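Note: the block below is data.txt and it holds compact mmCIF, C-alpha atoms and all ligand atoms.
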# COMPACT_ATOMS: atom_id res chain seq x y z
CA MET A 1 -11.72 39.27 3.12
CA PRO A 2 -10.14 41.28 5.97
CA ASP A 3 -8.04 39.28 8.41
CA TRP A 4 -10.43 39.64 11.34
CA ARG A 5 -13.08 37.71 9.42
CA ILE A 6 -10.66 34.84 8.88
CA VAL A 7 -9.74 34.93 12.58
CA PHE A 8 -13.43 34.89 13.52
CA ALA A 9 -14.18 32.05 11.08
CA LEU A 10 -11.25 29.96 12.30
CA SER A 11 -12.20 30.63 15.94
CA PHE A 12 -15.77 29.51 15.23
CA VAL A 13 -14.54 26.23 13.70
CA ILE A 14 -12.06 25.50 16.51
CA VAL A 15 -14.40 26.45 19.37
CA THR A 16 -17.35 24.51 17.88
CA LEU A 17 -15.43 21.30 17.13
CA GLY A 18 -13.54 21.56 20.44
CA THR A 19 -16.77 22.01 22.42
CA ASP A 20 -18.37 19.06 20.62
CA LEU A 21 -15.33 16.93 21.48
CA LEU A 22 -15.29 17.90 25.17
CA VAL A 23 -19.05 17.65 25.73
CA HIS A 24 -19.21 14.14 24.28
CA ARG A 25 -16.01 13.01 25.99
CA ARG A 26 -17.71 13.88 29.28
CA GLN A 27 -20.86 12.03 28.16
CA ARG A 28 -18.80 8.92 27.35
CA LEU A 29 -16.92 8.98 30.65
CA ARG A 30 -20.23 9.17 32.50
CA ALA A 31 -21.83 6.39 30.44
CA SER A 32 -18.93 3.98 30.88
CA ARG A 33 -18.17 4.77 34.53
CA GLY A 34 -18.68 2.07 37.14
CA ALA A 35 -19.93 -1.27 35.85
CA ASP A 36 -18.34 -3.09 32.92
CA ALA A 37 -19.67 -1.70 29.59
CA TRP A 38 -19.60 -5.17 27.99
CA ASP A 39 -22.46 -7.67 28.08
CA PRO A 40 -20.77 -11.09 27.52
CA ARG A 41 -24.06 -12.95 27.02
CA ARG A 42 -25.23 -10.72 24.16
CA ARG A 43 -21.66 -10.09 22.93
CA GLN A 44 -22.46 -6.37 22.76
CA LEU A 45 -22.29 -3.21 24.86
CA ARG A 46 -24.77 -3.29 27.70
CA PRO A 47 -28.00 -1.70 26.37
CA GLU A 48 -27.99 1.08 29.00
CA VAL A 49 -24.45 2.09 27.98
CA ALA A 50 -25.41 2.14 24.28
CA ARG A 51 -28.52 4.18 25.11
CA ALA A 52 -26.47 6.70 27.09
CA LEU A 53 -24.32 7.41 24.01
CA GLY A 54 -27.15 8.90 21.92
CA PRO A 55 -27.71 12.64 21.34
CA LEU A 56 -27.81 15.10 24.26
CA PRO A 57 -30.25 18.04 24.60
CA ILE A 58 -27.34 20.43 23.98
CA ASP A 59 -26.82 18.77 20.56
CA ASP A 60 -29.94 20.59 19.35
CA TYR A 61 -27.75 23.72 19.42
CA LEU A 62 -24.26 22.25 19.09
CA ALA A 63 -24.86 19.98 16.07
CA PRO A 64 -26.13 22.78 13.77
CA CYS A 65 -22.92 24.67 14.69
CA VAL A 66 -20.81 21.57 13.88
CA VAL A 67 -22.43 21.29 10.44
CA ALA A 68 -22.10 25.07 9.92
CA ALA A 69 -18.41 24.79 10.89
CA VAL A 70 -17.85 22.52 7.87
CA HIS A 71 -19.49 25.17 5.65
CA VAL A 72 -17.16 27.76 7.21
CA GLN A 73 -14.19 25.52 6.27
CA LEU A 74 -15.49 25.57 2.68
CA LEU A 75 -15.72 29.37 2.76
CA LEU A 76 -12.19 29.64 4.18
CA LEU A 77 -10.98 27.45 1.35
CA ALA A 78 -12.73 29.71 -1.19
CA ALA A 79 -11.07 32.74 0.45
CA LEU A 80 -7.67 31.03 0.12
CA VAL A 81 -8.30 30.25 -3.56
CA GLY A 82 -9.21 33.90 -4.19
CA TRP A 83 -6.19 35.04 -2.23
CA PHE A 84 -3.66 32.85 -4.04
CA GLY A 85 -4.99 33.75 -7.49
CA HIS A 86 -5.88 30.10 -8.20
CA PRO A 87 -2.95 28.70 -10.20
CA ILE A 88 -3.85 25.28 -11.60
CA ALA A 89 -2.06 23.14 -8.98
CA ALA A 90 -3.51 25.12 -6.07
CA GLY A 91 -6.93 25.00 -7.71
CA ALA A 92 -6.74 21.21 -8.07
CA ALA A 93 -5.68 20.82 -4.42
CA ALA A 94 -8.53 23.10 -3.32
CA CYS A 95 -10.94 21.05 -5.44
CA VAL A 96 -9.94 17.85 -3.61
CA LEU A 97 -10.03 19.57 -0.21
CA ALA A 98 -13.49 20.99 -0.98
CA ALA A 99 -14.68 17.50 -1.96
CA THR A 100 -13.52 16.19 1.44
CA ARG A 101 -15.67 18.93 3.06
CA LEU A 102 -18.67 17.77 1.01
CA ARG A 103 -17.99 14.23 2.22
CA ALA A 104 -17.84 15.56 5.80
CA LEU A 105 -21.22 17.26 5.30
CA GLN A 106 -22.70 14.08 3.79
CA GLU A 107 -21.47 11.96 6.67
CA VAL A 108 -22.31 14.25 9.60
CA THR A 109 -25.84 14.80 8.27
CA HIS A 110 -26.20 11.03 7.87
CA TYR A 111 -26.63 10.90 11.67
CA ALA A 112 -29.76 13.05 11.27
CA VAL A 113 -31.56 10.25 9.42
CA HIS A 114 -30.69 7.93 12.32
CA GLY A 115 -32.05 10.54 14.77
CA THR A 116 -28.68 10.91 16.50
CA LEU A 117 -27.44 14.27 15.18
CA THR A 118 -29.74 16.12 17.58
CA ALA A 119 -32.03 15.16 20.47
CA ARG A 120 -35.05 16.49 18.57
CA ARG A 121 -35.16 14.49 15.35
CA GLY A 122 -36.92 17.27 13.41
CA THR A 123 -34.10 19.72 14.15
CA GLY A 124 -31.50 17.28 12.83
CA LEU A 125 -33.52 16.59 9.67
CA ALA A 126 -33.96 20.32 9.01
CA VAL A 127 -30.21 20.91 9.47
CA ALA A 128 -29.42 18.03 7.10
CA ALA A 129 -31.94 19.26 4.52
CA TRP A 130 -30.85 22.91 4.48
CA LEU A 131 -27.11 22.51 5.00
CA PHE A 132 -26.49 19.46 2.80
CA GLN A 133 -29.35 18.02 0.75
CA PHE A 134 -30.67 21.26 -0.82
CA PRO A 135 -27.45 23.30 -1.31
CA PHE A 136 -25.78 20.36 -3.07
CA GLY A 137 -28.78 19.21 -5.12
CA ARG A 138 -29.20 15.91 -3.31
CA ALA A 139 -32.40 13.90 -2.73
CA THR A 140 -34.87 15.18 -0.15
CA ILE A 141 -34.01 14.23 3.43
CA GLU A 142 -37.16 12.05 3.59
CA ALA A 143 -35.97 10.09 0.53
CA ARG A 144 -32.49 9.77 2.06
CA ALA A 145 -33.91 8.48 5.36
CA LYS A 146 -36.02 5.87 3.52
CA HIS A 147 -33.08 4.78 1.34
CA HIS A 148 -30.55 4.54 4.15
CA VAL A 149 -32.43 3.70 7.35
CA GLN A 150 -35.35 1.64 6.08
CA GLU A 151 -33.81 -0.02 3.04
CA HIS A 152 -30.01 -0.22 3.47
CA HIS A 153 -29.28 -0.71 7.19
CA PRO A 154 -31.65 -3.61 7.96
CA HIS A 155 -31.07 -5.32 4.59
CA VAL A 156 -27.32 -5.07 3.93
CA ASN A 157 -26.38 -7.52 1.15
CA ASP A 158 -29.99 -8.55 0.50
CA PRO A 159 -30.08 -8.66 -3.33
CA ALA A 160 -33.80 -7.82 -3.35
CA ARG A 161 -33.78 -4.98 -0.79
CA ASP A 162 -30.37 -3.35 -0.22
CA PRO A 163 -30.39 -0.32 -2.60
CA ASN A 164 -26.56 -0.13 -2.62
CA LEU A 165 -26.21 -3.78 -3.68
CA ILE A 166 -28.98 -3.36 -6.26
CA GLU A 167 -27.06 -0.37 -7.69
CA TYR A 168 -23.87 -2.46 -8.11
CA VAL A 169 -25.85 -5.15 -9.93
CA GLU A 170 -27.64 -2.63 -12.19
CA LEU A 171 -24.28 -1.11 -13.13
CA GLY A 172 -22.87 -4.54 -13.95
CA PHE A 173 -20.46 -4.73 -11.03
CA ASN A 174 -21.20 -8.30 -9.98
CA PRO A 175 -18.14 -10.21 -8.76
CA PRO A 176 -15.88 -11.63 -9.95
CA LEU A 177 -14.37 -8.47 -11.47
CA ARG A 178 -10.78 -8.47 -12.67
CA GLY A 179 -8.40 -6.04 -14.44
CA PRO A 180 -10.21 -3.29 -16.38
CA ALA A 181 -13.59 -4.27 -14.92
CA PHE A 182 -12.27 -3.74 -11.37
CA LEU A 183 -10.72 -0.39 -12.40
CA ARG A 184 -14.08 0.63 -13.90
CA LEU A 185 -15.69 -0.19 -10.54
CA ALA A 186 -13.01 1.65 -8.52
CA PHE A 187 -13.29 4.85 -10.61
CA PHE A 188 -16.90 4.58 -11.82
CA PRO A 189 -18.01 8.15 -10.82
CA VAL A 190 -15.29 9.73 -12.99
CA THR A 191 -15.97 7.53 -16.05
CA PRO A 192 -18.22 9.07 -18.75
CA ARG A 193 -21.04 6.77 -17.61
CA GLY A 194 -20.53 7.75 -13.97
CA LEU A 195 -20.41 11.48 -14.72
CA ALA A 196 -23.59 11.18 -16.78
CA ALA A 197 -25.26 9.31 -13.89
CA THR A 198 -24.31 12.12 -11.46
CA VAL A 199 -25.74 14.79 -13.78
CA ARG A 200 -28.92 12.73 -14.29
CA SER A 201 -29.48 12.17 -10.57
CA THR A 202 -28.82 15.85 -9.73
CA TRP A 203 -31.32 16.88 -12.43
CA ALA A 204 -33.90 14.46 -11.03
CA HIS A 205 -33.40 15.87 -7.50
CA LEU A 206 -33.71 19.42 -8.85
CA ARG A 207 -37.00 18.55 -10.53
CA ALA A 208 -38.28 16.95 -7.32
CA ALA A 209 -37.56 20.02 -5.13
CA PRO A 210 -36.70 22.96 -7.42
CA VAL A 211 -37.35 25.93 -5.13
CA PRO A 212 -35.40 24.87 -2.01
CA ILE A 213 -32.50 23.55 -4.12
CA VAL A 214 -32.22 26.73 -6.19
CA VAL A 215 -32.50 28.95 -3.08
CA ALA A 216 -29.99 26.99 -0.95
CA ALA A 217 -27.51 26.40 -3.79
CA SER A 218 -27.66 30.08 -4.85
CA LEU A 219 -26.98 31.24 -1.29
CA LEU A 220 -23.96 28.94 -0.96
CA VAL A 221 -22.54 29.69 -4.43
CA GLY A 222 -23.16 33.41 -3.80
CA ALA A 223 -21.25 33.25 -0.49
CA LEU A 224 -18.34 31.34 -2.09
CA THR A 225 -18.21 33.85 -4.97
CA LEU A 226 -18.31 36.75 -2.53
CA VAL A 227 -15.33 35.52 -0.50
CA GLY A 228 -13.20 34.04 -3.31
CA GLY A 229 -14.58 35.01 -6.74
CA ALA A 230 -16.22 32.96 -9.50
CA THR A 231 -13.23 30.61 -9.91
CA ALA A 232 -13.31 29.83 -6.19
CA ALA A 233 -17.00 28.93 -6.52
CA ALA A 234 -16.16 26.57 -9.41
CA VAL A 235 -13.21 25.01 -7.56
CA CYS A 236 -14.95 24.75 -4.17
CA TYR A 237 -18.47 23.85 -5.36
CA ALA A 238 -19.20 22.88 -8.96
CA ILE A 239 -16.19 20.70 -9.83
CA PRO A 240 -16.03 18.87 -6.46
CA LEU A 241 -19.81 18.36 -6.50
CA PHE A 242 -19.91 16.70 -9.91
CA VAL A 243 -16.48 15.04 -10.11
CA VAL A 244 -14.41 14.56 -6.94
CA TYR A 245 -17.05 14.25 -4.21
CA PRO A 246 -18.98 11.46 -6.02
CA LEU A 247 -15.70 9.52 -6.26
CA LEU A 248 -14.92 9.91 -2.53
CA SER A 249 -18.48 8.99 -1.64
CA TRP A 250 -18.30 5.90 -3.92
CA TRP A 251 -15.00 4.81 -2.32
CA SER A 252 -16.56 5.16 1.12
CA GLN A 253 -19.45 2.90 0.05
CA LEU A 254 -17.01 0.32 -1.39
CA VAL A 255 -15.13 0.21 1.94
CA GLU A 256 -18.05 0.26 4.36
CA HIS A 257 -19.15 -3.34 3.75
CA ARG A 258 -18.01 -6.61 2.25
CA TRP A 259 -20.52 -6.68 -0.57
CA PHE A 260 -22.28 -9.70 -2.10
CA ARG A 261 -21.91 -11.79 1.06
CA SER A 262 -24.88 -13.97 1.94
CA ARG A 263 -26.81 -12.92 5.00
CA PRO A 264 -27.20 -15.14 8.07
CA ALA A 265 -30.83 -14.95 9.08
CA SER A 266 -30.48 -13.10 12.33
CA GLY A 267 -28.98 -10.50 14.56
CA ILE A 268 -25.46 -9.41 15.08
CA ASP A 269 -23.90 -12.32 13.12
CA ARG A 270 -25.17 -10.70 9.94
CA GLU A 271 -23.10 -7.61 10.71
CA TYR A 272 -19.83 -9.57 10.94
CA VAL A 273 -20.40 -11.25 7.57
CA SER A 274 -20.97 -7.89 5.82
CA GLY A 275 -18.73 -5.76 8.03
CA ARG A 276 -15.18 -4.58 7.65
CA VAL A 277 -13.23 -3.27 10.66
CA LEU A 278 -10.46 -0.74 10.04
CA ASN A 279 -8.17 -1.14 13.05
CA VAL A 280 -5.58 1.38 11.86
CA SER A 281 -3.15 3.61 13.74
CA ARG A 282 -4.33 6.90 15.19
CA PHE A 283 -2.52 8.84 12.43
CA THR A 284 -3.93 6.70 9.61
CA ARG A 285 -7.43 7.02 11.06
CA TRP A 286 -6.99 10.80 11.20
CA CYS A 287 -5.96 10.79 7.50
CA LEU A 288 -8.97 8.64 6.57
CA GLU A 289 -11.32 10.79 8.65
CA ALA A 290 -9.95 13.98 7.06
CA SER A 291 -10.56 12.68 3.55
CA VAL A 292 -12.75 9.75 2.48
CA LEU A 293 -14.22 8.47 5.76
CA PRO A 294 -15.10 11.45 7.98
CA PHE A 295 -17.25 11.65 11.13
CA GLY A 296 -16.77 8.06 12.25
CA ASP A 297 -17.15 6.48 8.80
CA SER A 298 -13.82 4.68 9.30
CA LEU A 299 -15.63 2.74 12.08
CA HIS A 300 -18.58 1.67 9.98
CA LEU A 301 -19.13 -1.77 11.52
CA ALA A 302 -19.44 -0.11 14.95
CA HIS A 303 -22.05 2.24 13.40
CA SER A 304 -23.93 -0.65 11.78
CA MET A 305 -24.08 -2.51 15.09
CA TYR A 306 -25.19 0.58 17.04
CA PRO A 307 -26.91 3.04 14.66
CA GLY A 308 -28.25 4.91 17.71
CA ILE A 309 -24.76 5.92 18.84
CA ARG A 310 -23.23 9.22 17.68
CA TRP A 311 -19.96 9.37 15.74
CA ASN A 312 -18.22 10.83 18.80
CA HIS A 313 -18.38 7.47 20.58
CA LEU A 314 -17.64 5.00 17.78
CA GLY A 315 -13.93 4.97 18.72
CA PHE A 316 -14.92 3.84 22.22
CA VAL A 317 -17.27 1.17 20.81
CA HIS A 318 -14.48 -0.03 18.51
CA ALA A 319 -11.97 -0.24 21.39
CA VAL A 320 -14.38 -2.26 23.56
CA HIS A 321 -15.17 -4.71 20.74
CA MET A 322 -11.49 -5.08 19.80
CA GLU A 323 -10.74 -5.99 23.39
CA ARG A 324 -13.71 -8.26 24.15
CA ASP A 325 -15.07 -9.56 20.87
CA SER A 326 -13.07 -12.17 18.95
CA GLU A 327 -15.45 -12.11 15.96
CA TYR A 328 -15.01 -8.36 15.61
CA ARG A 329 -11.22 -8.76 15.82
CA ALA A 330 -11.38 -11.51 13.18
CA VAL A 331 -12.67 -9.11 10.49
CA ALA A 332 -10.17 -6.36 11.36
CA LEU A 333 -7.68 -4.93 8.83
CA ASP A 334 -4.82 -2.68 9.87
CA VAL A 335 -3.09 -1.51 6.66
CA VAL A 336 -4.53 0.86 4.03
CA TRP A 337 -2.51 0.07 0.88
CA TRP A 338 -0.53 -3.07 -0.06
CA PRO A 339 -3.16 -4.63 -2.37
CA GLY A 340 -1.57 -8.08 -1.98
CA SER A 341 -1.71 -8.14 1.83
CA ALA A 342 -4.45 -10.02 3.68
CA ARG A 343 -4.44 -7.17 6.24
CA SER A 344 -4.87 -4.38 3.72
CA ILE A 345 -8.09 -2.40 3.23
CA VAL A 346 -7.52 -1.83 -0.50
CA GLY A 347 -6.57 -5.51 -0.93
CA ASP A 348 -9.71 -6.59 0.94
CA VAL A 349 -11.93 -4.47 -1.34
CA PHE A 350 -10.16 -5.99 -4.34
CA ARG A 351 -10.65 -9.54 -3.00
CA ASN A 352 -14.29 -8.73 -2.26
CA PHE A 353 -15.03 -7.89 -5.89
CA SER A 354 -12.54 -10.16 -7.62
CA GLN A 355 -13.63 -13.44 -6.05
CA THR A 356 -16.90 -15.25 -6.66
CA PRO A 357 -18.90 -14.88 -3.43
CA VAL A 358 -19.18 -18.03 -1.33
CA ALA A 359 -22.36 -18.46 0.69
CA GLY A 360 -21.74 -17.23 4.23
CA SER A 361 -18.11 -16.27 3.56
ZN ZN A 401 -26.09 4.67 8.78
Go through the file and emit its structure as structure tokens.
Ligand SMILES: [Zn+2]
Amino acid sequence: MPDWRIVFALSFVIVTLGTDLLVHRRQRLRASRGADAWDPRRRQLRPEVARALGPLPIDDYLAPCVVAAVHVQLLLLAALVGWFGHPIAAGAAACVLAATRLRALQEVTHYAVHGTLTARRGTGLAVAAWLFQFPFGRATIEARAKHHVQEHHPHVNDPARDPNLIEYVELGFNPPLRGPAFLRLAFFPVTPRGLAATVRSTWAHLRAAPVPIVVAASLLVGALTLVGGATAAAVCYAIPLFVVYPLLSWWSQLVEHRWFRSRPASGIDREYVSGRVLNVSRFTRWCLEASVLPFGDSLHLAHSMYPGIRWNHLGFVHAVHMERDSEYRAVALDVVWWPGSARSIVGDVFRNFSQTPVAGS
């Protein structure tokens, strides 16, 4: 690939992500200007502030560019793999980096099913379908919306209705899990059973929508092959899709909630029981966002409480709740590793699955 194409591709990524940042920073400053953003009676943002942080009309044009910018990152990676002649170590690094781009695509298109990727819901759903669901052999966007918005969000930790919790139970991951059982949970997608499950689900999705999946996947694989060669397509598409990306996606699901907690009957209290707040440093959050928890996924409780707010503003929501909301602060963790620490994210996931759940804990 001649240099000017790389310059153009990089410029597109930087200008698109920079514009998205600036446009929504301005939106946030406008929404939170003047009166206090916090409603002490409801222990939440004032509804008009939350409403003002949804998608803007310009997002109908900007959001498709943001999603395309992640595809461009994948193509740049393929070009680099082709350029460096793909020695094994570089290929493995590219494979992991490509998987983080797939995670980014999964997460940014997740806002489409909430209707917050774009102002016109149909535009967001079409972007999600054609730039993530079809090229990567996922479920149809309608099936994803039903699974995530209708079944998961309102029923987190409901053993009869939350599809994520039901999946853990079906796979035999009921707490308490210790030793090898916990390791099997932590690395399930790369176990033989997990790999077989990924192949089975991709096959089922392909059978459900063969034409759009074959067309979209062929276009993407063709583009990756064109810029980096067949090995680049394997390293940036096939291996991440079936091996590394499912693992990152699984880890994100493990972290997003405290699973198997009983659900208080109503409202926002339910979110605190199932939620987990990652109150980490700016650098740590950047590392998490660049890898396992992109596009605001490191602020998942804020998203659960306000699914109508875009990822751009979840940092603001988090800051307001940390300052004003003692219950939100009470479930906050500020260290990633240190499995033994009560403040550690990894330790909290381990405790979650290694202890027998206590009603309401
Ligand atoms: Zn969601």
Q. If we count only C-alpha atoms, what is near region 193-195 of chain A at a cut-off of 8 Å, once residues fewer than 5 positions away on the same chain are taken out, given as an MDAnalysis selection string?
A. chainID A and resid 188 242:243
Q: Excluding Ser304 (chain A) and any residue of its chain fewer than 6 positions from it, enumerate the residues within 9 Å of it, using only C-alpha atoms, and give them as number ranges by chain.
A: A: 153, 271, 275
Q: May I have the residues within 7 Å of region 307-316 of chain A as a count of residues only, using only C-alpha atoms and disregarding those fewer than 5 positions away in the same chain?
A: 12
(Q) Residues near region 100-113 of chain A, anyone? I mean within 6 Å using all atoms listed in the file, not counting same-chain ones fewer than 6 positions away, as a list in words. (A) Gly124, Leu125, Ala128, Ala145, Ser291, Pro294 and Phe295 of chain A
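Minimum atom-to-atom distance to Leu301 (chain A), evaluated using only C-alpha atoms, belongs to A:Tyr328 out of A:Tyr328, A:Tyr61, A:Trp250, A:Tyr245.
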Q | Option closest in space to ligand ZN 401 (chain A), from A:Ala63, A:Ile268, A:Val149, A:Val7 [counting only C-alpha atoms and all ligand atoms] | A | A:Val149
